[in-house]
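Shown below: target_7.csv, with CSV, C-alpha atoms.
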```csv
chain,number,residue,atom,x,y,z
U,12,MET,CA,-33.5,1.7,9.0
U,13,THR,CA,-34.3,0.8,5.4
U,14,GLN,CA,-35.8,-2.6,4.4
U,15,ALA,CA,-32.4,-3.6,2.8
U,16,GLU,CA,-30.6,-2.9,6.1
U,17,ARG,CA,-33.0,-5.0,8.2
U,18,TRP,CA,-31.5,-8.3,7.0
U,19,MET,CA,-27.9,-7.3,7.3
U,20,LEU,CA,-25.8,-8.7,10.1
U,21,PRO,CA,-23.1,-6.8,12.1
U,22,ASP,CA,-19.5,-7.0,10.9
U,23,GLY,CA,-17.9,-10.2,12.0
U,24,ILE,CA,-21.2,-11.9,12.8
U,25,ALA,CA,-22.2,-14.7,10.4
U,26,GLU,CA,-24.9,-17.3,9.9
U,27,ILE,CA,-24.2,-20.8,8.8
U,28,LEU,CA,-26.7,-22.1,6.1
U,29,PRO,CA,-27.9,-25.7,5.7
U,30,ALA,CA,-25.1,-27.3,3.7
U,31,ASP,CA,-22.3,-25.9,5.8
U,32,ALA,CA,-24.4,-26.2,9.0
U,33,LYS,CA,-24.8,-30.0,8.4
U,34,ARG,CA,-21.0,-30.4,8.1
U,35,VAL,CA,-20.2,-28.2,11.1
U,36,GLU,CA,-22.7,-30.1,13.2
U,37,THR,CA,-21.4,-33.5,12.0
U,38,LEU,CA,-17.9,-32.4,12.9
U,39,ARG,CA,-19.0,-31.1,16.3
U,40,ARG,CA,-20.6,-34.5,17.1
U,41,ASN,CA,-17.5,-36.4,15.8
U,42,LEU,CA,-15.1,-34.3,17.9
U,43,LEU,CA,-17.2,-34.6,21.1
U,44,ASP,CA,-17.2,-38.4,20.5
U,45,LEU,CA,-13.4,-38.3,20.0
U,46,TYR,CA,-13.0,-36.4,23.3
U,47,HIS,CA,-15.3,-38.9,25.0
U,48,ARG,CA,-13.2,-41.8,23.9
U,49,TRP,CA,-10.2,-40.0,25.5
U,50,GLY,CA,-12.1,-39.7,28.8
U,51,TYR,CA,-13.1,-36.0,28.5
U,52,GLU,CA,-16.6,-35.3,29.9
U,53,LEU,CA,-18.9,-32.7,28.2
U,54,ILE,CA,-19.9,-29.5,30.0
U,55,ILE,CA,-22.3,-26.9,28.7
U,56,PRO,CA,-21.6,-23.6,30.5
U,57,PRO,CA,-24.0,-20.6,30.2
U,58,MET,CA,-23.5,-17.9,27.6
U,59,VAL,CA,-23.7,-15.2,30.2
U,60,GLU,CA,-22.1,-15.1,33.7
U,61,PHE,CA,-21.2,-12.5,36.3
U,62,ALA,CA,-18.3,-10.6,34.7
U,63,ASP,CA,-16.1,-11.1,37.7
U,64,SER,CA,-16.1,-14.9,37.1
U,65,LEU,CA,-15.4,-14.6,33.4
U,66,LEU,CA,-12.5,-12.1,33.5
U,67,ILE,CA,-10.4,-13.2,36.5
U,68,GLY,CA,-7.1,-14.7,35.6
U,69,MET,CA,-7.4,-14.8,31.8
U,70,GLY,CA,-5.5,-11.7,30.8
U,71,ARG,CA,-6.2,-8.3,29.2
U,72,ASP,CA,-7.1,-9.7,25.8
U,73,VAL,CA,-10.1,-11.6,27.2
U,74,ASP,CA,-11.1,-8.6,29.3
U,75,LEU,CA,-11.2,-6.3,26.2
U,76,SER,CA,-13.0,-8.9,24.1
U,77,THR,CA,-15.9,-9.4,26.6
U,78,PHE,CA,-19.3,-7.7,26.1
U,79,ARG,CA,-20.8,-6.4,29.3
U,80,VAL,CA,-24.4,-5.8,30.3
U,81,THR,CA,-26.2,-5.0,33.5
U,82,ASP,CA,-28.2,-7.7,35.2
U,83,GLN,CA,-31.7,-6.3,35.8
U,84,LEU,CA,-32.3,-8.7,38.7
U,85,SER,CA,-29.1,-8.2,40.7
U,86,GLY,CA,-27.7,-4.9,39.3
U,87,ARG,CA,-24.3,-6.6,38.8
U,88,SER,CA,-22.3,-6.6,35.7
U,89,LEU,CA,-22.7,-9.6,33.4
U,90,GLY,CA,-20.3,-10.7,30.7
U,91,ILE,CA,-21.1,-12.5,27.5
U,92,ARG,CA,-18.4,-15.1,27.3
U,93,ALA,CA,-15.4,-14.5,25.0
U,94,ASP,CA,-13.7,-17.7,26.1
U,95,ILE,CA,-15.1,-20.9,27.6
U,96,THR,CA,-11.8,-21.7,29.4
U,97,PRO,CA,-12.5,-19.7,32.5
U,98,GLN,CA,-15.9,-21.2,32.8
U,99,ALA,CA,-14.4,-24.7,32.6
U,100,ALA,CA,-11.9,-23.6,35.4
U,101,ARG,CA,-14.8,-22.5,37.6
U,102,ILE,CA,-16.6,-25.8,37.0
U,103,ASP,CA,-13.5,-27.8,37.9
U,104,SER,CA,-13.1,-25.7,41.1
U,105,HIS,CA,-16.6,-25.5,42.3
U,106,SER,CA,-19.5,-27.2,40.3
U,107,PHE,CA,-17.7,-30.4,39.4
U,108,PRO,CA,-14.6,-30.8,41.6
U,109,ARG,CA,-12.4,-33.8,41.6
U,110,SER,CA,-9.3,-34.6,43.7
U,111,GLY,CA,-7.3,-36.0,40.8
U,112,ALA,CA,-7.3,-35.5,37.1
U,113,ASN,CA,-10.5,-33.8,35.7
U,114,ARG,CA,-10.9,-34.0,31.9
U,115,LEU,CA,-13.6,-31.6,30.6
U,116,CYS,CA,-14.6,-30.7,27.0
U,117,TYR,CA,-17.1,-28.2,25.5
U,118,ALA,CA,-18.5,-26.8,22.3
U,119,GLY,CA,-20.4,-23.5,22.2
U,120,GLN,CA,-20.5,-20.0,20.7
U,121,VAL,CA,-18.5,-17.2,22.1
U,122,LEU,CA,-18.7,-13.5,21.4
U,123,TYR,CA,-15.9,-10.9,20.9
U,124,THR,CA,-16.3,-7.1,21.0
U,125,ARG,CA,-13.8,-6.9,18.1
U,126,PRO,CA,-12.4,-9.6,15.8
U,127,ARG,CA,-9.1,-11.1,16.9
U,128,ALA,CA,-7.8,-11.1,13.3
U,129,PRO,CA,-8.5,-8.8,10.3
U,130,MET,CA,-11.8,-9.9,8.8
U,131,GLY,CA,-12.1,-12.6,11.5
U,132,PRO,CA,-15.3,-13.7,13.1
U,133,ARG,CA,-16.7,-12.2,16.3
U,134,ALA,CA,-19.0,-15.1,17.2
U,135,PRO,CA,-17.0,-18.3,16.5
U,136,ILE,CA,-18.0,-21.7,17.8
U,137,GLN,CA,-15.3,-22.6,20.3
U,138,ILE,CA,-14.6,-26.3,20.8
U,139,GLY,CA,-11.9,-27.6,23.0
U,140,ALA,CA,-10.7,-29.7,26.0
U,141,GLU,CA,-9.2,-28.8,29.4
U,142,LEU,CA,-7.2,-31.1,31.7
U,143,TYR,CA,-7.1,-30.2,35.4
U,144,GLY,CA,-5.1,-31.6,38.3
U,145,VAL,CA,-2.1,-32.9,36.2
U,146,GLU,CA,1.2,-31.1,36.8
U,147,SER,CA,3.4,-33.4,34.8
U,148,LEU,CA,4.5,-33.1,31.1
U,149,GLN,CA,2.3,-36.2,30.5
U,150,GLY,CA,-0.7,-33.8,30.7
U,151,ASP,CA,0.8,-31.4,28.2
U,152,ILE,CA,1.6,-34.2,25.8
U,153,GLU,CA,-1.9,-35.6,26.0
U,154,VAL,CA,-3.6,-32.2,25.3
U,155,ILE,CA,-1.3,-31.5,22.4
U,156,SER,CA,-2.0,-35.0,21.0
U,157,LEU,CA,-5.7,-34.4,21.3
U,158,MET,CA,-5.4,-31.1,19.5
U,159,ILE,CA,-3.6,-32.8,16.6
U,160,GLU,CA,-6.3,-35.5,16.5
U,161,THR,CA,-8.9,-32.8,16.4
U,162,LEU,CA,-7.4,-31.2,13.3
U,163,ARG,CA,-7.0,-34.6,11.7
U,164,ALA,CA,-10.6,-35.5,12.4
U,165,ALA,CA,-11.5,-32.2,10.6
U,166,GLY,CA,-9.7,-33.5,7.5
U,167,ILE,CA,-6.6,-31.2,7.9
U,168,ARG,CA,-3.7,-33.3,6.8
U,169,GLU,CA,-0.7,-30.9,6.8
U,170,ILE,CA,-0.1,-29.6,10.3
U,171,HIS,CA,2.7,-27.4,11.7
U,172,LEU,CA,3.0,-27.4,15.5
U,173,ASP,CA,4.5,-24.2,17.0
U,174,LEU,CA,5.9,-24.8,20.5
U,175,GLY,CA,7.1,-22.2,23.1
U,176,HIS,CA,7.4,-21.7,26.8
U,177,VAL,CA,6.6,-18.5,28.8
U,178,ALA,CA,9.1,-19.4,31.5
U,179,ILE,CA,11.9,-18.6,29.1
U,180,PHE,CA,11.0,-14.9,29.0
U,181,ARG,CA,10.0,-14.7,32.6
U,182,SER,CA,13.4,-16.1,33.7
U,183,LEU,CA,15.2,-13.6,31.5
U,184,ALA,CA,13.1,-10.7,32.8
U,185,ARG,CA,13.9,-11.6,36.4
U,186,ALA,CA,17.6,-12.0,35.5
U,187,ALA,CA,17.6,-8.6,33.9
U,188,GLU,CA,15.6,-7.1,36.8
U,189,LEU,CA,13.0,-5.6,34.5
U,190,ASP,CA,10.2,-3.5,36.1
U,191,GLU,CA,6.6,-3.8,34.8
U,192,GLN,CA,6.9,-0.9,32.4
U,193,GLN,CA,10.1,-2.4,30.9
U,194,LYS,CA,8.6,-5.8,30.6
U,195,SER,CA,5.6,-4.4,28.8
U,196,ALA,CA,7.7,-2.5,26.3
U,197,LEU,CA,10.0,-5.5,25.6
U,198,ILE,CA,7.0,-7.8,25.2
U,199,ALA,CA,5.5,-5.4,22.6
U,200,LEU,CA,8.8,-5.4,20.7
U,201,LEU,CA,9.1,-9.2,20.8
U,202,GLN,CA,5.5,-9.6,19.5
U,203,SER,CA,6.4,-7.4,16.6
U,204,LYS,CA,9.5,-9.5,15.9
U,205,ALA,CA,11.4,-6.2,15.4
U,206,VAL,CA,15.0,-7.5,16.0
U,207,ALA,CA,16.8,-4.2,15.3
U,208,ASP,CA,14.4,-2.3,17.7
U,209,ILE,CA,14.9,-5.0,20.3
U,210,GLU,CA,18.7,-4.7,20.2
U,211,ARG,CA,18.4,-0.9,20.5
U,212,TRP,CA,16.1,-1.3,23.5
U,213,VAL,CA,18.4,-3.7,25.2
U,214,ASP,CA,21.4,-1.4,24.7
U,215,ASP,CA,19.5,1.4,26.3
U,216,ASN,CA,17.9,-0.4,29.2
U,217,ILE,CA,20.0,-3.5,30.2
U,218,THR,CA,23.2,-3.1,32.2
U,219,SER,CA,24.1,-6.8,32.9
U,220,ALA,CA,26.3,-8.1,30.1
U,221,ASP,CA,24.9,-11.6,30.4
U,222,ALA,CA,21.2,-10.5,30.4
U,223,ALA,CA,21.8,-8.2,27.5
U,224,ASN,CA,23.4,-11.0,25.5
U,225,TRP,CA,20.5,-13.4,26.3
U,226,LEU,CA,17.8,-10.8,25.4
U,227,ARG,CA,19.5,-9.9,22.1
U,228,GLY,CA,19.6,-13.5,21.1
U,229,LEU,CA,16.1,-14.4,22.1
U,230,PRO,CA,14.2,-13.2,19.0
U,231,ARG,CA,16.5,-15.2,16.8
U,232,LEU,CA,15.6,-18.4,18.5
U,233,ALA,CA,12.9,-19.6,16.1
U,234,GLY,CA,13.0,-22.5,13.8
U,235,GLY,CA,13.2,-26.3,13.7
U,236,SER,CA,14.8,-28.7,16.1
U,237,GLU,CA,18.2,-27.0,15.8
U,238,CYS,CA,16.6,-24.0,17.6
U,239,LEU,CA,16.7,-25.8,20.9
U,240,ALA,CA,20.4,-26.6,20.5
U,241,ARG,CA,21.2,-23.0,19.8
U,242,ALA,CA,19.2,-22.0,22.8
U,243,LYS,CA,21.1,-24.3,25.1
U,244,GLU,CA,24.3,-22.9,23.9
U,245,LEU,CA,23.2,-19.3,24.3
U,246,PHE,CA,21.7,-19.8,27.8
U,247,GLY,CA,24.5,-22.2,29.0
U,248,ASN,CA,25.2,-19.9,32.0
U,249,GLY,CA,21.5,-18.8,32.3
U,250,PRO,CA,18.9,-19.3,35.0
U,251,ASP,CA,18.0,-22.8,36.0
U,252,THR,CA,14.3,-22.2,35.4
U,253,LEU,CA,15.1,-21.3,31.8
U,254,LYS,CA,17.1,-24.5,31.4
U,255,SER,CA,14.2,-26.5,32.8
U,256,ALA,CA,11.9,-24.9,30.3
U,257,LEU,CA,14.2,-25.9,27.4
U,258,ASP,CA,14.3,-29.5,28.8
U,259,GLU,CA,10.5,-29.6,28.9
U,260,LEU,CA,10.2,-28.3,25.3
U,261,GLN,CA,12.7,-31.0,24.2
U,262,LYS,CA,10.8,-33.8,25.9
U,263,VAL,CA,7.4,-32.7,24.6
U,264,ALA,CA,8.8,-32.3,21.1
U,265,ASP,CA,10.4,-35.8,21.2
U,266,ALA,CA,7.0,-37.3,22.3
U,267,VAL,CA,5.0,-35.5,19.6
U,268,ALA,CA,7.6,-36.5,16.9
U,269,ARG,CA,7.3,-40.2,17.9
U,270,ARG,CA,3.5,-40.1,17.8
U,271,TYR,CA,3.0,-37.9,14.8
U,272,PRO,CA,6.1,-38.0,12.6
U,273,GLN,CA,4.1,-36.3,9.8
U,274,VAL,CA,3.6,-33.1,11.9
U,275,THR,CA,6.2,-30.4,11.3
U,276,LEU,CA,7.6,-29.0,14.6
U,277,PHE,CA,8.5,-25.3,14.9
U,278,PHE,CA,9.9,-23.5,18.0
U,279,ASP,CA,9.5,-19.9,18.8
U,280,LEU,CA,11.2,-19.1,22.1
U,281,SER,CA,10.2,-15.4,22.1
U,282,GLU,CA,6.4,-16.3,21.6
U,283,MET,CA,4.5,-14.0,23.9
U,284,ARG,CA,0.9,-15.2,23.2
U,285,GLY,CA,-0.9,-15.7,26.5
U,286,TYR,CA,2.1,-14.4,28.5
U,287,ASP,CA,-0.2,-12.6,31.1
U,288,TYR,CA,-1.9,-15.9,32.1
U,289,GLU,CA,-0.1,-18.9,30.7
U,290,THR,CA,2.5,-20.4,33.1
U,291,GLY,CA,4.4,-23.0,31.0
U,292,LEU,CA,4.3,-24.6,27.6
U,293,VAL,CA,2.3,-22.8,24.9
U,294,PHE,CA,1.4,-24.3,21.6
U,295,ALA,CA,-0.4,-23.5,18.4
U,296,ALA,CA,-1.2,-25.5,15.2
U,297,TYR,CA,-1.0,-24.0,11.7
U,298,SER,CA,-1.6,-25.2,8.2
U,299,PRO,CA,0.2,-23.9,5.1
U,300,GLY,CA,-1.7,-21.2,3.3
U,301,HIS,CA,-3.7,-20.3,6.4
U,302,GLY,CA,-2.1,-17.3,8.2
U,303,GLN,CA,-3.9,-17.6,11.6
U,304,ALA,CA,-3.5,-20.4,14.1
U,305,LEU,CA,-6.1,-23.1,13.7
U,306,ALA,CA,-5.9,-24.2,17.3
U,307,ASN,CA,-3.9,-23.1,20.3
U,308,GLY,CA,-3.5,-23.7,24.0
U,309,GLY,CA,-1.1,-24.0,26.8
U,310,ARG,CA,-0.5,-24.5,30.5
U,311,TYR,CA,-2.2,-22.0,32.9
U,312,ASN,CA,-1.7,-23.4,36.4
U,313,GLY,CA,-3.3,-21.5,39.2
U,314,ILE,CA,-6.3,-20.1,37.5
U,315,GLY,CA,-8.6,-22.0,39.9
U,316,ALA,CA,-7.2,-20.1,42.9
U,317,VAL,CA,-9.6,-17.3,42.4
U,318,PHE,CA,-12.5,-19.8,42.8
U,319,GLY,CA,-10.9,-21.3,45.9
U,320,ARG,CA,-8.9,-24.2,44.3
U,321,ASP,CA,-5.4,-23.7,43.0
U,322,ARG,CA,-5.1,-26.4,40.3
U,323,ALA,CA,-2.7,-27.4,37.6
U,324,ALA,CA,-4.3,-26.8,34.2
U,325,THR,CA,-3.6,-27.2,30.5
U,326,GLY,CA,-5.9,-27.2,27.5
U,327,PHE,CA,-6.6,-26.1,23.9
U,328,SER,CA,-9.4,-24.7,21.8
U,329,THR,CA,-10.2,-24.1,18.2
U,330,ASP,CA,-12.9,-22.5,16.0
U,331,LEU,CA,-15.2,-25.3,14.8
U,332,ALA,CA,-16.5,-23.5,11.7
U,333,ALA,CA,-13.0,-22.5,10.6
U,334,ILE,CA,-11.4,-25.9,10.8
U,335,ASN,CA,-14.5,-27.4,9.1
U,336,ALA,CA,-14.1,-24.9,6.2
U,337,LEU,CA,-10.4,-25.6,5.8
U,338,GLY,CA,-10.5,-29.4,6.2
U,339,ALA,CA,-11.7,-32.1,3.9
U,340,ASN,CA,-14.4,-33.0,6.4
U,341,GLY,CA,-16.8,-35.8,5.5
U,342,GLU,CA,-18.1,-37.2,2.3
U,343,ARG,CA,-20.8,-35.8,0.0
U,344,GLU,CA,-24.2,-36.4,1.6
U,345,ALA,CA,-26.5,-38.8,-0.2
U,346,GLY,CA,-29.6,-37.3,-1.8
U,347,ALA,CA,-33.0,-37.5,-0.2
U,348,ILE,CA,-36.0,-39.7,-1.0
U,349,LEU,CA,-39.1,-37.9,-2.3
U,350,ALA,CA,-42.5,-39.1,-1.0
U,351,PRO,CA,-45.5,-38.0,-3.1
U,352,ALA,CA,-48.3,-35.9,-1.6
U,353,SER,CA,-50.6,-38.6,-0.2
U,354,ASP,CA,-52.4,-39.5,3.0
U,355,CYS,CA,-51.8,-43.2,2.4
U,356,GLU,CA,-51.1,-44.9,5.7
U,357,GLN,CA,-48.8,-47.5,4.1
U,358,LEU,CA,-46.8,-44.7,2.5
U,359,TRP,CA,-46.4,-43.1,5.9
U,360,GLN,CA,-45.2,-46.4,7.5
U,361,THR,CA,-42.7,-46.9,4.7
U,362,ALA,CA,-41.3,-43.4,5.0
U,363,GLU,CA,-41.0,-43.8,8.8
U,364,SER,CA,-39.0,-47.1,8.3
U,365,LEU,CA,-36.7,-45.4,5.9
U,366,ARG,CA,-36.1,-42.4,8.3
U,367,ALA,CA,-35.4,-44.9,11.2
U,368,ALA,CA,-32.7,-46.5,8.9
U,369,GLY,CA,-31.0,-43.1,8.5
U,370,GLU,CA,-32.5,-42.0,5.2
U,371,VAL,CA,-33.8,-38.4,4.5
U,372,VAL,CA,-37.4,-38.6,3.3
U,373,ILE,CA,-39.1,-35.4,2.2
U,374,SER,CA,-42.9,-35.4,1.7
U,375,LEU,CA,-44.0,-33.3,-1.2
U,376,MET,CA,-46.7,-30.8,-0.3
U,377,GLY,CA,-49.8,-30.9,-2.4
U,378,ASP,CA,-50.1,-27.2,-2.6
U,379,ALA,CA,-46.5,-26.8,-3.9
U,380,GLY,CA,-46.9,-29.7,-6.4
U,381,SER,CA,-44.3,-30.1,-9.1
U,382,ASP,CA,-43.2,-26.4,-8.9
U,383,ASP,CA,-41.3,-27.1,-5.6
U,384,SER,CA,-38.0,-27.1,-7.4
U,385,GLU,CA,-35.8,-26.6,-4.3
U,386,THR,CA,-37.2,-29.8,-2.7
U,387,LEU,CA,-37.0,-31.7,-6.0
U,388,SER,CA,-33.4,-30.8,-6.4
U,389,ARG,CA,-32.5,-32.4,-3.1
U,390,CYS,CA,-34.0,-35.8,-4.0
U,391,ASP,CA,-32.2,-38.3,-6.2
U,392,ARG,CA,-34.8,-41.1,-5.4
U,393,GLU,CA,-38.5,-41.4,-4.8
U,394,LEU,CA,-41.1,-43.6,-3.4
U,395,VAL,CA,-43.2,-45.3,-6.0
U,396,LYS,CA,-46.2,-47.5,-5.6
U,397,GLU,CA,-45.7,-51.0,-7.1
U,398,GLY,CA,-48.6,-53.3,-6.6
U,399,ALA,CA,-49.4,-53.3,-3.0
U,400,SER,CA,-46.1,-51.9,-1.8
U,401,TRP,CA,-44.1,-48.6,-1.8
U,402,VAL,CA,-40.6,-49.0,-3.1
U,403,VAL,CA,-37.6,-46.7,-3.6
U,404,LYS,CA,-36.7,-45.9,-7.2
U,405,PRO,CA,-34.1,-43.6,-8.7
U,406,ARG,CA,-35.6,-40.3,-9.9
U,407,SER,CA,-35.2,-39.6,-13.6
```
Please, can you express the file's structure as C-alpha cells?
Amino acid sequence: MTQAERWMLPDGIAEILPADAKRVETLRRNLLDLYHRWGYELIIPPMVEFADSLLIGMGRDVDLSTFRVTDQLSGRSLGIRADITPQAARIDSHSFPRSGANRLCYAGQVLYTRPRAPMGPRAPIQIGAELYGVESLQGDIEVISLMIETLRAAGIREIHLDLGHVAIFRSLARAAELDEQQKSALIALLQSKAVADIERWVDDNITSADAANWLRGLPRLAGGSECLARAKELFGNGPDTLKSALDELQKVADAVARRYPQVTLFFDLSEMRGYDYETGLVFAAYSPGHGQALANGGRYNGIGAVFGRDRAATGFSTDLAAINALGANGEREAGAILAPASDCEQLWQTAESLRAAGEVVISLMGDAGSDDSETLSRCDRELVKEGASWVVKPRS
C-alpha cells in the first residue's frame, strides 16, 4: 500500500469533519429531545450481535446488507448491524418488556455490505423511533406524525408523504392463487413499474377474470387522493382484507392532512418496499429534488415472536447526516473567544466562567504564537486585560 492509499477510505464510507459534525450532533440531540417529549425512551443497542438475532424477521435485504464475522470466544457468527429495528424489537421482547405500549428511540451508526442506492453511504447514522404493543391506526398516525416532525426539525420544509399498504398485494395474490415463484416474479415487475410487462405476465399466468383485472389495474393506482377513489371502484368486488386496507389508508391520510395540511400526500398501491416483513401500512417521506426517500417506515407486526413475544409494531427511521445536509438546520455558530497565552489565574477563572455560560474560549498556545492562523480564524472576539479585569472585546 502506498502512502497516498493509506489515508483513503473504502467506497461508501465517509468521515464527518468539524463544521458538519457539529451540526449533525446538534440535530441528533434535538431529535432525541423531540422523541423524549413524545414519550419515546432512548436505547443504545450494541453495534455487533449474534447474527441470528439481527437477521430473523427483517427480510432478505437486511440479510444481504449485513457483514458477518466469527466470534473468537463462542465460535458463533456475529453480525454488524445493518438496521437497528430488529435490535429494538429484541429489547422490547426481552430486555425491556412492557405489557402495554412501549415507545423506544435510538441513534447510532449502521453498516451495509453494499450501498442501498447508487453513490449512497454504507455507514449512515440511523435515527428513528419504534412503537410496540399498539395495534390500532392511532399508532401508525403517531409514528407518521413523528417522522414528519423529525424532517421539520431538520429544516426540511417541503415534504411529500408516500403511503401504501402491503395487505393490498397480499390479498390479490391470495385471490389469484399465486405460488411463491409467481409472487416473486410479479413483485419484481411491480417494483420496476413496467406496466406493459405486468399486463403480459398477467395474461400468461392468471386464469381468474376478476383477479386478472385487479392485477392489471394495480400498477396504475398511484397518485393523489383520487387514487383511493379509483381503487375502491376497481376492487368493488374484491377481497374484504383489501377493502379494509383501503379504509385504513383513507383514515390515516385524513388524519395526516388535518395535522399537516402543508404536506403533499401521494399513494402508491403497488409499493413493494418491505413486502417480505411489513404487515400493514408502509410510508416514506420525500422532498423535491432529492430522489431517494428521506425517511421511511411501516407496520411490522409479529417480529417479536422469534424472541418469544408476538407484538404489534410500527416505526420509522432516517439517515441523520443526509437530512442534516438537505435541511436548513440551525443558525450560523457564533465565533469563539481567543484567550492569550498566559498562566494568569484570573484569566483562567474568566475563561471558565465564559465556558460555563456556553461560550467557546480557545487558549492560544505560546509555541504557536501569532502564526496559528486556523485558531485565529475561528475567533471573532478576544479576552483583553483592562485594569484589574479581563474583558471580551471584538477582534480587529
- request: Would you please work out which residue, of U:Met19, U:Val35, U:Val372, U:Leu387, is nearest to Leu331 of chain U when using only C-alpha atoms?
  value: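 Ranking U:Met19, U:Val35, U:Val372, U:Leu387 by distance to Leu331 of chain U, first place goes to U:Val35.
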List as a Markdown table every residue of segment 175-281 of chain U that is in contact with segment 305-311 of chain U, defined as an atom at most 10 Å from one of its atoms (using only C-alpha atoms), together with the nearest atom pair and the distance in Å rounded to one decimal, sorted by chain and then rising number.
```
| residue | atom | partner | partner_atom | distance |
| --- | --- | --- | --- | --- |
| U:Gly175 | CA | U:Gly309 | CA | 9.2 |
| U:His176 | CA | U:Gly309 | CA | 8.8 |
| U:Val177 | CA | U:Arg310 | CA | 9.4 |
```
- request: Identify, on the basis of only C-alpha atoms, every residue whose closest approach to segment 357-361 of chain U does not exceed 8 Å; exclude the query and any residue fewer than 6 positions from it along the same chain; express the result as a list in words.
  value: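 Here the answer would be Ala350, Ser400 and Trp401 of chain U.
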Let's have the selection written as a compact mmCIF listing (two decimals), in the coordinates of the input, with C-alpha atoms.
```
# COMPACT_ATOMS: atom_id res chain seq x y z
CA ALA U 350 -42.50 -39.10 -1.00
CA SER U 400 -46.10 -51.90 -1.80
CA TRP U 401 -44.10 -48.60 -1.80
```
Residue neighbourhood segment 165-170 of chain U, 8 Å, only C-alpha atoms, exclusion window fewer than 4 positions, as a PDB file with C-alpha atoms, in the coordinates of the input:
```
ATOM      1  CA  LEU U  38     -17.900 -32.400  12.900  1.00  0.00           C
ATOM      2  CA  ILE U 159      -3.600 -32.800  16.600  1.00  0.00           C
ATOM      3  CA  THR U 161      -8.900 -32.800  16.400  1.00  0.00           C
ATOM      4  CA  GLN U 273       4.100 -36.300   9.800  1.00  0.00           C
ATOM      5  CA  VAL U 274       3.600 -33.100  11.900  1.00  0.00           C
ATOM      6  CA  THR U 275       6.200 -30.400  11.300  1.00  0.00           C
ATOM      7  CA  ALA U 296      -1.200 -25.500  15.200  1.00  0.00           C
ATOM      8  CA  TYR U 297      -1.000 -24.000  11.700  1.00  0.00           C
ATOM      9  CA  SER U 298      -1.600 -25.200   8.200  1.00  0.00           C
ATOM     10  CA  PRO U 299       0.200 -23.900   5.100  1.00  0.00           C
ATOM     11  CA  ILE U 334     -11.400 -25.900  10.800  1.00  0.00           C
ATOM     12  CA  ASN U 335     -14.500 -27.400   9.100  1.00  0.00           C
ATOM     13  CA  LEU U 337     -10.400 -25.600   5.800  1.00  0.00           C
ATOM     14  CA  GLY U 338     -10.500 -29.400   6.200  1.00  0.00           C
ATOM     15  CA  ALA U 339     -11.700 -32.100   3.900  1.00  0.00           C
ATOM     16  CA  ASN U 340     -14.400 -33.000   6.400  1.00  0.00           C
ATOM     17  CA  GLY U 341     -16.800 -35.800   5.500  1.00  0.00           C
TER      18      GLY U 341
END
```
query: Please, what distance in Å, to one decimal, runs between atom CA of Thr325 of chain U and atom CA of Tyr51 of chain U?
result: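 Here the two named atoms are 13.1 Å from each other.
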query: How many Å lie between atom CA of Leu260 of chain U and atom CA of Phe278 of chain U, rounded to one decimal?
result: 8.7 Å
- request: Enter the distance from atom CA of Ser353 of chain U to atom CA of Pro29 of chain U, in Å, rounded to one decimal.
  value: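 Separating atom CA of Ser353 of chain U from atom CA of Pro29 of chain U is a distance of 26.8 Å.
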Segment 360-369 of chain U written out with N, CA, C and O atoms as a PDB file, in the first residue's frame:
```pdb
ATOM      1  N   GLN U 360      -9.914  31.899  35.393  1.00  0.00           N
ATOM      2  CA  GLN U 360     -11.236  31.952  36.003  1.00  0.00           C
ATOM      3  C   GLN U 360     -12.247  32.639  35.083  1.00  0.00           C
ATOM      4  O   GLN U 360     -13.405  32.224  34.977  1.00  0.00           O
ATOM      5  N   THR U 361     -11.818  33.690  34.387  1.00  0.00           N
ATOM      6  CA  THR U 361     -12.694  34.385  33.453  1.00  0.00           C
ATOM      7  C   THR U 361     -13.083  33.472  32.288  1.00  0.00           C
ATOM      8  O   THR U 361     -14.257  33.411  31.882  1.00  0.00           O
ATOM      9  N   ALA U 362     -12.080  32.738  31.758  1.00  0.00           N
ATOM     10  CA  ALA U 362     -12.349  31.814  30.655  1.00  0.00           C
ATOM     11  C   ALA U 362     -13.325  30.720  31.081  1.00  0.00           C
ATOM     12  O   ALA U 362     -14.248  30.360  30.337  1.00  0.00           O
ATOM     13  N   GLU U 363     -13.145  30.203  32.294  1.00  0.00           N
ATOM     14  CA  GLU U 363     -14.040  29.159  32.794  1.00  0.00           C
ATOM     15  C   GLU U 363     -15.471  29.673  32.960  1.00  0.00           C
ATOM     16  O   GLU U 363     -16.439  28.961  32.681  1.00  0.00           O
ATOM     17  N   SER U 364     -15.615  30.895  33.413  1.00  0.00           N
ATOM     18  CA  SER U 364     -16.948  31.481  33.560  1.00  0.00           C
ATOM     19  C   SER U 364     -17.637  31.625  32.202  1.00  0.00           C
ATOM     20  O   SER U 364     -18.833  31.363  32.065  1.00  0.00           O
ATOM     21  N   LEU U 365     -16.876  32.038  31.205  1.00  0.00           N
ATOM     22  CA  LEU U 365     -17.433  32.180  29.866  1.00  0.00           C
ATOM     23  C   LEU U 365     -17.836  30.815  29.298  1.00  0.00           C
ATOM     24  O   LEU U 365     -18.894  30.669  28.674  1.00  0.00           O
ATOM     25  N   ARG U 366     -17.008  29.780  29.520  1.00  0.00           N
ATOM     26  CA  ARG U 366     -17.344  28.433  29.027  1.00  0.00           C
ATOM     27  C   ARG U 366     -18.603  27.907  29.717  1.00  0.00           C
ATOM     28  O   ARG U 366     -19.447  27.269  29.078  1.00  0.00           O
ATOM     29  N   ALA U 367     -18.727  28.176  31.011  1.00  0.00           N
ATOM     30  CA  ALA U 367     -19.911  27.737  31.743  1.00  0.00           C
ATOM     31  C   ALA U 367     -21.177  28.403  31.211  1.00  0.00           C
ATOM     32  O   ALA U 367     -22.272  27.841  31.293  1.00  0.00           O
ATOM     33  N   ALA U 368     -21.020  29.613  30.655  1.00  0.00           N
ATOM     34  CA  ALA U 368     -22.158  30.340  30.077  1.00  0.00           C
ATOM     35  C   ALA U 368     -22.443  29.926  28.640  1.00  0.00           C
ATOM     36  O   ALA U 368     -23.357  30.463  28.008  1.00  0.00           O
ATOM     37  N   GLY U 369     -21.671  28.962  28.092  1.00  0.00           N
ATOM     38  CA  GLY U 369     -21.916  28.457  26.754  1.00  0.00           C
ATOM     39  C   GLY U 369     -21.008  28.996  25.674  1.00  0.00           C
ATOM     40  O   GLY U 369     -21.162  28.625  24.505  1.00  0.00           O
TER      41      GLY U 369
END
```
